[in-house]
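This report refers to the structure that appears directly beneath it.
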Amino acid sequence: MSATGPARMPPGRQLRLAQIAAAEFATYGYERASLNRIIRAAGMSKSSFYHFVGSKHALFDQVIVQGGRALIEALNVPRPAALREQFWPQVTALIGRLAALDGSQQWLADVGRMFHLPDAPRTPGSALHTAWTRIDAWIQQAVTIGRQVRAIGNDLPGDLQAELALTVLGVMDRWSLRQASDLTVRQRQELGRAELDAVRRLLGGGRE
């Protein structure tokens, strides 16, 4: 991604490009996604695209960064330290917001699918690698706090619990995003509750 290009693009135009690109990547995957389709749909010239963005990889990273920030804001993700009070009610509310988001904001659902693309660039230094590193750190901190307040059992090592939680939540999120368009709001809510129950059982959820 160009250090100066995206910052010079008008915000509305940049958001439109991100939305179009997210839909393309989510539908076709990274390798099969077409820059030509994205550029045409965004109403840009190729010279303008390469001036502001630079490459397909840079565009993917730009969408992950921009979409990731929008996801955090839309989900109102709490700081791990805030989970000391009412651990499971707060986690329940977060998963509920995530379930509702899958069907209410298509472009953010597309960004969510981008996180799970098997062919996406995720080498160290890439936006996706950085995003998953931060997600992993959040879950590790949340598990640590959950253990401290006895909302999570301690029969397994904390780092193992965090890895299990990240893996299971990742699988559930990937499946939910694939099915989102076929589920009603109520079905998404019920699925979110079932996923939460599964995670609580996995972590040995104790008192609230």
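Letters for chains follow the order of the structure tokens (A, B, ...), residue numbers begin at 1 for each chain, and ligand numbers begin at 1 in the order shown.
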
Write out as JSON lines the residues of range 3-102 of chain A that have any atom within 12 Å of an atom of range 160-181 of chain A, one row each with the nearest atom pair and its distance in Å to one decimal, counting only C-alpha atoms, sorted by chain and then rising number.
```
{"residue": "A:Ala26", "atom": "CA", "partner": "A:Arg178", "partner_atom": "CA", "distance": 10.0}
{"residue": "A:Thr27", "atom": "CA", "partner": "A:Arg178", "partner_atom": "CA", "distance": 10.4}
{"residue": "A:Ile95", "atom": "CA", "partner": "A:Asp173", "partner_atom": "CA", "distance": 10.0}
{"residue": "A:Leu98", "atom": "CA", "partner": "A:Asp173", "partner_atom": "CA", "distance": 9.0}
{"residue": "A:Ala99", "atom": "CA", "partner": "A:Ser176", "partner_atom": "CA", "distance": 8.1}
{"residue": "A:Ala100", "atom": "CA", "partner": "A:Ala180", "partner_atom": "CA", "distance": 9.6}
{"residue": "A:Leu101", "atom": "CA", "partner": "A:Ala180", "partner_atom": "CA", "distance": 9.5}
{"residue": "A:Asp102", "atom": "CA", "partner": "A:Ala180", "partner_atom": "CA", "distance": 5.9}
```

Exercise for the section: Might you pull out every residue within 10 Å of Lys56 in chain A, with only C-alpha atoms counted and same-chain residues fewer than 4 positions away left off, and present them as a ChimeraX atom specification? Expected result: /A:1,21,30-31,33-35,49-50,60-62

Exercise for the section: Please return as number ranges by chain: the residues of range 19-134 of chain A that backbone DSSP assigns to helix (DSSP H, G or I). Expected result: A: 19-32, 35-42, 46-52, 56-75, 80-84, 87-104, 106-114, 127-134

Exercise for the section: Tell me which of A:Thr133, A:Gln148, A:Thr92, A:Ser126 sits closest to Asp197 in chain A, counting only C-alpha atoms. Expected result: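 Among the listed residues, A:Thr92 lies closest to Asp197 in chain A.
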
Exercise for the section: Point out the residue among A:Val185, A:Leu196, A:Ala120, A:Ala81 with the least atom-to-atom distance to Leu94 in chain A, counting only C-alpha atoms. Expected result: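 Checking each candidate against Leu94 in chain A, we get A:Leu196 as the closest.
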